[in-house]
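**Q** I'm passing along target_24.txt; it holds compact mmCIF, C-alpha atoms and all ligand atoms.
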# COMPACT_ATOMS: atom_id res chain seq x y z
CA MET A 1 117.00 46.28 102.50
CA PRO A 2 119.81 48.58 103.71
CA LEU A 3 118.83 51.39 106.08
CA ILE A 4 119.36 55.01 105.12
CA HIS A 5 121.28 56.97 107.74
CA GLU A 6 120.79 60.71 108.13
CA HIS A 7 122.72 62.00 111.13
CA SER A 8 120.89 60.75 114.25
CA ILE A 9 118.18 58.95 112.28
CA LYS A 10 117.82 55.61 110.52
CA LEU A 11 115.18 55.19 107.80
CA ASN A 12 113.77 52.04 106.32
CA ILE A 13 112.91 53.42 102.89
CA THR A 14 113.62 52.39 99.29
CA LEU A 15 114.97 55.19 97.11
CA PRO A 16 114.01 55.23 93.41
CA ARG A 17 116.69 54.39 90.84
CA GLY A 18 116.57 57.85 89.25
CA ASP A 19 115.77 61.25 90.77
CA VAL A 20 113.39 61.55 93.72
CA HIS A 21 109.86 62.47 92.67
CA ALA A 22 106.56 63.42 94.31
CA LYS A 23 104.98 60.01 93.64
CA MET A 24 107.49 57.99 95.68
CA GLU A 25 105.88 55.44 98.00
CA THR A 26 107.33 57.34 100.95
CA PHE A 27 108.84 60.68 100.03
CA TYR A 28 112.44 61.17 101.13
CA ASN A 29 114.85 63.61 99.49
CA PRO A 30 118.51 62.95 100.33
CA LEU A 31 119.45 66.25 98.63
CA MET A 32 117.72 68.16 101.46
CA VAL A 33 119.98 66.94 104.28
CA SER A 34 121.67 70.33 104.40
CA ASN A 35 118.28 72.07 104.46
CA ARG A 36 117.34 69.99 107.53
CA ASN A 37 120.74 70.54 109.17
CA LEU A 38 120.25 74.29 108.96
CA ALA A 39 116.71 74.04 110.38
CA ILE A 40 118.07 72.21 113.44
CA LEU A 41 120.86 74.75 113.86
CA LEU A 42 118.40 77.63 113.61
CA LEU A 43 115.94 76.19 116.12
CA ASN A 44 118.78 75.41 118.53
CA SER A 45 120.12 78.95 118.12
CA ILE A 46 116.95 81.00 118.77
CA GLU A 47 116.09 81.81 122.36
CA ASN A 48 112.49 80.56 122.14
CA THR A 49 111.64 77.32 123.93
CA ASN A 50 108.46 75.24 124.37
CA LEU A 51 107.56 75.55 120.73
CA ASN A 52 104.49 74.19 119.00
CA ILE A 53 106.02 72.91 115.78
CA VAL A 54 104.12 71.91 112.65
CA ASP A 55 105.64 69.69 109.95
CA HIS A 56 102.59 69.23 107.77
CA LEU A 57 104.24 68.12 104.50
CA ALA A 58 106.29 65.57 106.39
CA GLY A 59 106.96 62.99 103.64
CA SER A 60 108.98 60.29 105.40
CA GLY A 61 108.93 62.43 108.55
CA VAL A 62 112.72 62.47 108.68
CA ARG A 63 112.80 66.15 109.63
CA SER A 64 110.52 65.63 112.60
CA LEU A 65 112.43 62.54 113.67
CA ARG A 66 115.59 64.60 113.63
CA PHE A 67 113.86 67.39 115.57
CA LEU A 68 112.97 64.82 118.24
CA LYS A 69 116.54 63.57 118.45
CA GLU A 70 118.62 66.66 117.77
CA LEU A 71 116.75 69.68 119.17
CA GLN A 72 117.61 70.77 122.70
CA PRO A 73 115.23 69.11 125.21
CA ASP A 74 113.37 72.33 126.07
CA LYS A 75 112.58 73.26 122.46
CA ILE A 76 109.51 71.12 121.74
CA ASN A 77 106.21 71.65 123.50
CA HIS A 78 104.34 69.71 120.86
CA LEU A 79 105.13 68.45 117.38
CA PHE A 80 102.32 68.11 114.83
CA ILE A 81 103.39 65.85 111.97
CA ASN A 82 101.20 65.31 108.94
CA ASP A 83 101.33 63.77 105.50
CA LYS A 84 98.45 62.88 103.19
CA ASN A 85 100.09 59.62 102.08
CA PRO A 86 97.77 56.83 103.36
CA ARG A 87 100.79 54.88 104.60
CA PHE A 88 102.26 57.82 106.50
CA LYS A 89 101.15 57.06 110.07
CA LYS A 90 102.08 53.40 109.88
CA VAL A 91 105.53 54.06 108.38
CA PHE A 92 106.21 56.92 110.81
CA LYS A 93 105.32 54.80 113.85
CA GLN A 94 107.73 52.13 112.62
CA HIS A 95 110.42 54.79 112.43
CA LEU A 96 109.65 55.98 115.97
CA THR A 97 110.38 52.43 117.14
CA LEU A 98 113.39 51.93 114.85
CA ASN A 99 114.94 55.13 116.20
CA LYS A 100 114.05 54.39 119.83
CA ILE A 101 112.17 57.65 120.39
CA SER A 102 111.36 57.71 124.12
CA LYS A 103 107.78 57.39 125.44
CA PRO A 104 107.79 60.90 127.01
CA LEU A 105 108.83 62.37 123.66
CA GLN A 106 106.21 60.32 121.81
CA LYS A 107 103.58 61.93 124.04
CA LYS A 108 104.53 65.26 122.49
CA ILE A 109 103.58 64.10 119.00
CA THR A 110 100.28 64.37 117.12
CA LEU A 111 100.12 62.58 113.77
CA GLY A 112 97.86 63.73 110.94
CA ASN A 113 96.91 62.20 107.62
CA GLN A 114 95.26 65.03 105.69
CA GLU A 115 95.92 67.42 102.87
CA ALA A 116 98.51 69.76 104.36
CA SER A 117 96.61 73.05 104.47
CA LEU A 118 93.45 71.34 105.77
CA PHE A 119 95.49 69.83 108.58
CA LEU A 120 96.62 73.29 109.63
CA LEU A 121 93.24 74.99 109.25
CA ASN A 122 91.18 72.19 110.81
CA ARG A 123 93.19 72.15 113.96
CA ILE A 124 91.14 74.80 115.70
CA ASN A 125 87.98 72.70 115.44
CA ASP A 126 89.60 69.38 116.26
CA ASN A 127 89.31 67.60 119.54
CA VAL A 128 92.90 68.40 120.37
CA LYS A 129 93.30 69.66 123.91
CA PRO A 130 93.78 73.43 123.97
CA SER A 131 96.95 72.86 125.97
CA ASP A 132 98.34 70.89 123.03
CA PHE A 133 97.68 73.32 120.26
CA CYS A 134 95.60 76.46 120.32
CA GLY A 135 95.49 76.79 116.56
CA TYR A 136 98.69 78.77 116.12
CA ALA A 137 102.15 77.35 115.65
CA ASP A 138 105.48 78.82 116.74
CA TYR A 139 107.33 77.14 113.90
CA ILE A 140 105.82 75.90 110.63
CA GLU A 141 107.91 73.86 108.26
CA LEU A 142 106.90 74.29 104.63
CA ASP A 143 109.11 72.09 102.50
CA PRO A 144 107.03 71.09 99.47
CA PHE A 145 108.14 69.50 96.22
CA GLY A 146 108.11 72.52 93.84
CA SER A 147 106.47 75.86 94.60
CA PRO A 148 105.33 76.68 98.16
CA ASN A 149 102.43 78.71 96.69
CA PRO A 150 99.58 76.22 97.37
CA PHE A 151 100.47 76.08 101.07
CA LEU A 152 101.40 79.67 101.91
CA SER A 153 98.00 81.09 102.89
CA ALA A 154 97.20 78.44 105.49
CA ALA A 155 100.71 78.53 106.96
CA ILE A 156 100.67 82.32 107.26
CA ALA A 157 97.18 82.24 108.79
CA ARG A 158 98.35 79.79 111.47
CA ILE A 159 101.72 81.26 112.43
CA SER A 160 101.80 82.69 115.96
CA ARG A 161 102.97 86.11 117.10
CA HIS A 162 106.80 85.94 116.87
CA GLY A 163 106.42 82.55 115.16
CA ILE A 164 108.81 81.41 112.45
CA LEU A 165 107.83 80.26 108.97
CA ALA A 166 110.45 78.07 107.32
CA ILE A 167 109.84 77.92 103.57
CA THR A 168 111.58 76.03 100.78
CA ALA A 169 110.99 76.63 97.06
CA THR A 170 112.48 74.21 94.55
CA ASP A 171 110.91 75.84 91.47
CA THR A 172 114.00 77.95 90.94
CA ALA A 173 113.51 78.27 87.16
CA ALA A 174 110.22 80.08 87.82
CA LEU A 175 112.03 82.65 89.99
CA THR A 176 115.26 83.21 88.10
CA GLY A 177 114.05 84.43 84.75
CA THR A 178 113.79 81.27 82.65
CA TYR A 179 110.04 81.81 82.30
CA PRO A 180 109.23 85.49 83.02
CA LYS A 181 105.49 84.98 82.46
CA VAL A 182 105.46 82.23 85.08
CA THR A 183 107.19 84.57 87.52
CA GLN A 184 104.50 87.18 86.84
CA ARG A 185 101.66 84.77 87.43
CA LYS A 186 103.05 82.85 90.38
CA TYR A 187 105.17 85.49 92.12
CA TRP A 188 103.66 88.79 90.89
CA SER A 189 107.00 90.20 89.84
CA THR A 190 109.47 90.52 86.96
CA PRO A 191 112.67 88.45 87.18
CA LEU A 192 116.03 89.28 85.60
CA LYS A 193 118.27 86.66 84.09
CA ASN A 194 121.78 87.88 84.78
CA TYR A 195 124.59 86.99 87.20
CA MET A 196 122.44 88.20 90.15
CA MET A 197 119.38 86.13 89.24
CA HIS A 198 119.48 83.94 92.36
CA GLU A 199 119.51 86.87 94.75
CA ILE A 200 116.78 88.57 92.70
CA GLY A 201 114.69 85.37 92.69
CA LEU A 202 115.06 84.98 96.45
CA ARG A 203 113.95 88.57 97.00
CA ILE A 204 110.97 88.15 94.66
CA LEU A 205 109.88 85.11 96.67
CA ILE A 206 110.28 86.98 99.98
CA ARG A 207 108.06 89.83 98.78
CA LYS A 208 105.35 87.43 97.58
CA ILE A 209 105.23 85.75 100.99
CA GLN A 210 105.24 89.13 102.76
CA LEU A 211 102.32 90.37 100.65
CA LEU A 212 100.30 87.36 101.76
CA GLY A 213 101.26 88.18 105.36
CA VAL A 214 100.32 91.85 105.42
CA GLN A 215 96.71 91.08 104.47
CA PHE A 216 96.46 89.46 107.95
CA ASP A 217 98.44 92.35 109.55
CA LYS A 218 101.38 89.98 109.86
CA ALA A 219 104.77 91.49 109.09
CA LEU A 220 107.15 88.73 108.00
CA THR A 221 110.81 89.66 108.44
CA PRO A 222 113.61 87.46 107.06
CA LEU A 223 115.86 85.85 109.69
CA LEU A 224 117.90 83.77 107.28
CA SER A 225 117.54 83.52 103.50
CA TYR A 226 119.65 81.64 101.02
CA HIS A 227 119.96 79.83 97.72
CA LYS A 228 121.68 76.44 97.76
CA ASP A 229 121.96 73.58 95.29
CA HIS A 230 118.63 73.87 93.47
CA TYR A 231 116.37 75.49 96.01
CA PHE A 232 115.60 78.70 97.87
CA ARG A 233 115.16 78.67 101.64
CA ILE A 234 113.72 81.47 103.79
CA TYR A 235 113.03 81.75 107.52
CA LEU A 236 110.65 84.59 108.33
CA GLN A 237 109.57 85.80 111.75
CA SER A 238 106.02 87.07 112.15
CA GLU A 239 105.18 90.31 113.97
CA LYS A 240 101.64 91.53 114.40
CA GLY A 241 100.77 95.15 113.64
CA LYS A 242 99.89 97.65 110.95
CA GLU A 243 103.02 99.77 111.45
CA HIS A 244 105.30 96.75 111.04
CA CYS A 245 103.40 95.87 107.86
CA ASP A 246 103.79 99.40 106.48
CA ASP A 247 107.53 99.16 107.14
CA ILE A 248 107.65 95.93 105.15
CA LEU A 249 105.74 97.44 102.21
CA LYS A 250 108.12 100.43 102.06
CA GLN A 251 110.89 97.94 101.32
CA HIS A 252 109.19 96.55 98.22
CA GLN A 253 110.82 98.31 95.30
CA TYR A 254 112.34 97.72 91.88
CA PHE A 255 115.92 96.65 91.35
CA LEU A 256 117.59 98.42 88.42
CA SER A 257 120.66 96.94 86.77
CA CYS A 258 122.70 98.46 83.95
CA PRO A 259 123.79 95.88 81.35
CA ASN A 260 126.45 98.25 80.02
CA CYS A 261 128.43 99.52 83.04
CA LEU A 262 127.21 97.09 85.79
CA ASN A 263 125.81 99.89 87.94
CA PHE A 264 122.75 98.92 89.99
CA LYS A 265 120.32 100.55 92.42
CA THR A 266 116.83 100.26 93.91
CA SER A 267 113.98 102.54 92.90
CA LEU A 268 110.24 103.07 93.21
CA TYR A 269 110.23 103.32 89.41
CA ASN A 270 111.21 100.83 86.72
CA ASN A 271 111.86 103.21 83.86
CA GLU A 272 115.17 104.98 84.47
CA THR A 273 118.40 105.67 82.66
CA CYS A 274 121.86 104.92 84.08
CA ILE A 275 124.53 107.63 84.39
CA CYS A 276 126.21 105.93 81.40
CA GLN A 277 123.07 106.80 79.38
CA THR A 278 122.03 103.14 78.99
CA LYS A 279 118.47 102.23 79.93
CA PHE A 280 118.39 100.20 83.15
CA GLN A 281 117.01 96.66 83.01
CA TYR A 282 114.69 96.04 85.92
CA ALA A 283 113.49 93.29 88.22
CA GLY A 284 110.74 93.42 90.80
CA PRO A 285 109.02 94.63 92.74
CA LEU A 286 111.05 92.69 95.28
CA TRP A 287 112.26 92.82 98.91
CA ILE A 288 115.13 95.31 99.20
CA GLY A 289 115.64 94.87 102.97
CA LYS A 290 117.99 92.63 104.90
CA LEU A 291 118.14 88.91 104.11
CA HIS A 292 119.49 87.88 107.51
CA ASN A 293 119.44 88.55 111.22
CA GLN A 294 123.14 88.99 111.86
CA ASN A 295 123.04 88.00 115.56
CA LEU A 296 121.18 84.79 114.75
CA ILE A 297 123.69 83.78 112.08
CA GLN A 298 126.49 84.48 114.54
CA LYS A 299 124.85 82.04 116.99
CA ILE A 300 124.20 79.46 114.27
CA SER A 301 127.87 79.64 113.35
CA GLU A 302 128.92 79.21 117.01
CA ASN A 303 126.50 76.30 117.52
CA ASN A 304 127.28 74.51 114.29
CA THR A 305 127.82 70.79 114.88
CA PHE A 306 127.77 69.72 111.22
CA PRO A 307 131.25 69.72 109.63
CA GLU A 308 129.69 69.61 106.16
CA GLU A 309 127.91 72.94 106.80
CA GLN A 310 130.97 74.77 108.17
CA LYS A 311 131.97 76.40 104.89
CA PHE A 312 128.44 77.48 103.99
CA VAL A 313 127.57 78.81 107.45
CA SER A 314 130.83 80.80 107.59
CA LEU A 315 130.04 82.28 104.21
CA LEU A 316 126.54 83.31 105.33
CA LYS A 317 127.97 84.83 108.52
CA GLU A 318 130.50 86.83 106.54
CA GLU A 319 127.84 87.94 104.09
CA ALA A 320 125.42 88.96 106.85
CA SER A 321 127.95 91.57 107.99
CA GLN A 322 127.44 93.31 104.64
CA ASP A 323 123.74 92.69 104.16
CA SER A 324 122.96 94.97 101.21
CA ILE A 325 121.07 94.33 98.00
CA GLY A 326 122.94 93.22 94.87
CA PHE A 327 126.58 92.37 94.34
CA TYR A 328 129.40 92.90 91.86
CA ASP A 329 130.95 90.09 89.91
CA LEU A 330 134.72 90.18 89.48
CA HIS A 331 134.57 88.49 86.07
CA GLU A 332 131.92 90.91 84.82
CA ILE A 333 134.00 93.88 86.01
CA ALA A 334 137.09 92.42 84.34
CA ARG A 335 135.10 92.05 81.12
CA ILE A 336 134.07 95.72 80.97
CA LEU A 337 137.59 96.82 82.00
CA LYS A 338 138.99 94.50 79.31
CA ARG A 339 141.54 92.93 81.66
CA ASN A 340 141.99 89.66 83.51
CA PRO A 341 139.97 89.27 86.72
CA HIS A 342 141.77 89.80 90.01
CA LYS A 343 141.97 87.14 92.67
CA MET A 344 139.12 87.22 95.19
CA GLU A 345 141.62 87.20 98.12
CA ASP A 346 143.22 90.45 96.92
CA ILE A 347 139.87 92.25 96.75
CA LEU A 348 138.77 90.96 100.18
CA LYS A 349 141.76 92.68 101.81
CA PHE A 350 139.87 95.97 101.48
CA PRO A 351 137.39 96.82 104.26
CA HIS A 352 133.61 96.47 103.88
CA ILE A 353 133.82 93.90 101.09
CA THR A 354 132.72 90.30 101.63
CA ARG A 355 132.09 87.24 99.54
CA THR A 356 128.54 86.17 98.78
CA HIS A 357 127.00 82.70 98.77
CA PHE A 358 125.14 83.62 95.58
CA SER A 359 128.27 83.42 93.42
CA PRO A 360 131.89 82.27 93.87
CA THR A 361 133.06 85.32 91.89
CA GLY A 362 130.68 87.84 93.55
CA ILE A 363 131.43 90.48 96.19
CA LYS A 364 128.98 92.24 98.52
CA THR A 365 129.79 95.80 99.47
CA ASN A 366 128.22 99.18 100.17
CA LYS A 367 130.85 100.80 97.98
CA SER A 368 129.85 102.24 94.62
CA LEU A 369 130.89 100.63 91.36
CA ALA A 370 133.30 103.53 90.73
CA GLU A 371 134.98 102.94 94.10
CA ILE A 372 135.32 99.22 93.40
CA ILE A 373 136.79 99.88 89.97
CA ASN A 374 139.31 102.30 91.51
CA LEU A 375 140.31 99.63 94.05
CA ILE A 376 140.75 97.07 91.29
CA LYS A 377 142.85 99.52 89.26
CA SER A 378 144.99 100.26 92.33
CA LEU A 379 145.76 96.53 92.58
CA SER A 380 147.11 96.55 89.04
CA SER A 381 149.34 99.58 89.38
ZN ZN A 401 125.36 102.12 83.15
Just give me the structure as structure tokens.
**A**
Amino acid sequence: MPLIHEHSIKLNITLPRGDVHAKMETFYNPLMVSNRNLAILLLNSIENTNLNIVDHLAGSGVRSLRFLKELQPDKINHLFINDKNPRFKKVFKQHLTLNKISKPLQKKITLGNQEASLFLLNRINDNVKPSDFCGYADYIELDPFGSPNPFLSAAIARISRHGILAITATDTAALTGTYPKVTQRKYWSTPLKNYMMHEIGLRILIRKIQLLGVQFDKALTPLLSYHKDHYFRIYLQSEKGKEHCDDILKQHQYFLSCPNCLNFKTSLYNNETCICQTKFQYAGPLWIGKLHNQNLIQKISENNTFPEEQKFVSLLKEEASQDSIGFYDLHEIARILKRNPHKMEDILKFPHITRTHFSPTGIKTNKSLAEIINLIKSLSS
């Protein structure tokens, strides 16, 4: 059987003939390589060291194996790796040997074989030495197959002060307006199916996670948030305190979007009329604050060792310099102006306008729609 190679790691796993699925003998998703690359870059770019890391939906354990090989030596204090698959421990130990993980590093590992949330919540009562794990983790990896919902409460309860929650959601249809009732039930918000649906979906997901955090007085602030391929990914840093939580809640508002003139804005209300006299469509409530920590993305970009991520990381860095809600789409603007769309490069020559990873034809800017339309008209004259 040929080995699968993922950067520093070799895996002895058989992939299914069709798409990967939750019932695989050992779960491994080759489409998440980029997701794991970014996690390594982020952990190597934050200042924190000696981290207690939890990877409790480990699947094959490839992410943890890569953490052991590719994180800077001072990053890991202890790594708690868990999967409920009965074969998990045996297969993972084989991979430790296959990948020649050193004995000192192996001493930093605790393996679990429980349902993911139980693994996290049981820890406090386990016979683990307090020096190993005091019941709170500095980094929790939540990369489930589908919605993160079933695992959010336990992860939020066990994240440490200043700890980082890394959350993936692959149920993008539920967040982008395909099934609005599902969005209501699962994410307590109204989606909007237009050209901004991925940014709106990401912001709906962020608010849902934050609401679960504030009930424990944990304010969860996004460090890095993106949509890629067919998933959403968010890194949130936890701060303790009522004031921080109140600040978070103030940034939960509606997003209003005019289907006629493309104007958009945020509001505490969802029943407003645009200056063009068309009734706004609305999404939300959702997170209207920043999606990224600009300094961190700068460091991630400087530290990037993965050529295949260069384009994406550069785009995120550029976008983080103009971290506002919503974006304009050059094709949509061309449609309402009844003219051909301008080239992206021409528009980017103006200051305070950047591309966005949400759409190849989208631009992020603090400028008003009227200002953007004037700029576009000036290009034509
Ligand atoms: Zn309008």
**Q** Rounded to one decimal place, report the CA of Lys108 in chain A-CA of Lys69 in chain A distance in Å.
**A**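 Straight-line distance from CA of Lys108 in chain A to CA of Lys69 in chain A works out to 12.8 Å.
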**Q** Between chain A and ligand ZN 401 (chain A), at 6 Å or less, what are the per-residue closest atom pairs and their distances in Å? Count all atoms listed in the file, order by chain and rising residue number, and return it as JSON lines.
**A**
{"residue": "A:Cys258", "atom": "CA", "partner": "A:ZN401", "partner_atom": "ZN", "distance": 4.6}
{"residue": "A:Asn260", "atom": "CA", "partner": "A:ZN401", "partner_atom": "ZN", "distance": 5.1}
{"residue": "A:Cys261", "atom": "CA", "partner": "A:ZN401", "partner_atom": "ZN", "distance": 4.0}
{"residue": "A:Leu262", "atom": "CA", "partner": "A:ZN401", "partner_atom": "ZN", "distance": 6.0}
{"residue": "A:Asn263", "atom": "CA", "partner": "A:ZN401", "partner_atom": "ZN", "distance": 5.3}
{"residue": "A:Cys274", "atom": "CA", "partner": "A:ZN401", "partner_atom": "ZN", "distance": 4.6}
{"residue": "A:Ile275", "atom": "CA", "partner": "A:ZN401", "partner_atom": "ZN", "distance": 5.7}
{"residue": "A:Cys276", "atom": "CA", "partner": "A:ZN401", "partner_atom": "ZN", "distance": 4.3}
{"residue": "A:Thr278", "atom": "CA", "partner": "A:ZN401", "partner_atom": "ZN", "distance": 5.4}
**Q** Which one of A:Leu71, A:Ile81, A:Val54, A:Leu211 sits closest to Ile164 in chain A if you count all atoms listed in the file?
**A**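 So, comparing all the options, the nearest one is A:Val54.
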**Q** Could you state the separation of CA of Arg87 in chain A and CA of Gly59 in chain A in Å, given to one decimal place?
**A**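 Between CA of Arg87 in chain A and CA of Gly59 in chain A the gap works out to 10.2 Å.
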**Q** Have a look at A:Phe80, A:Phe145, A:Tyr235, A:Tyr195 and name the one nearest to Thr361 in chain A; count all atoms listed in the file.
**A** A:Tyr195
**Q** Hey, can you check how far CA of Val214 in chain A sits from CA of Ile156 in chain A?
**A** 9.7 Å
**Q** Nearest to Ile234 in chain A: which of A:Leu192, A:Ala219, A:Ile53, A:Ile167 is it, counting all atoms listed in the file?
**A** A:Ile167
**Q** So, with only C-alpha atoms as the atoms that count, which of A:Tyr179, A:Phe255, A:Phe92, A:Tyr139 lies closest to Phe280 in chain A?
**A**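 Closest candidate: A:Phe255.
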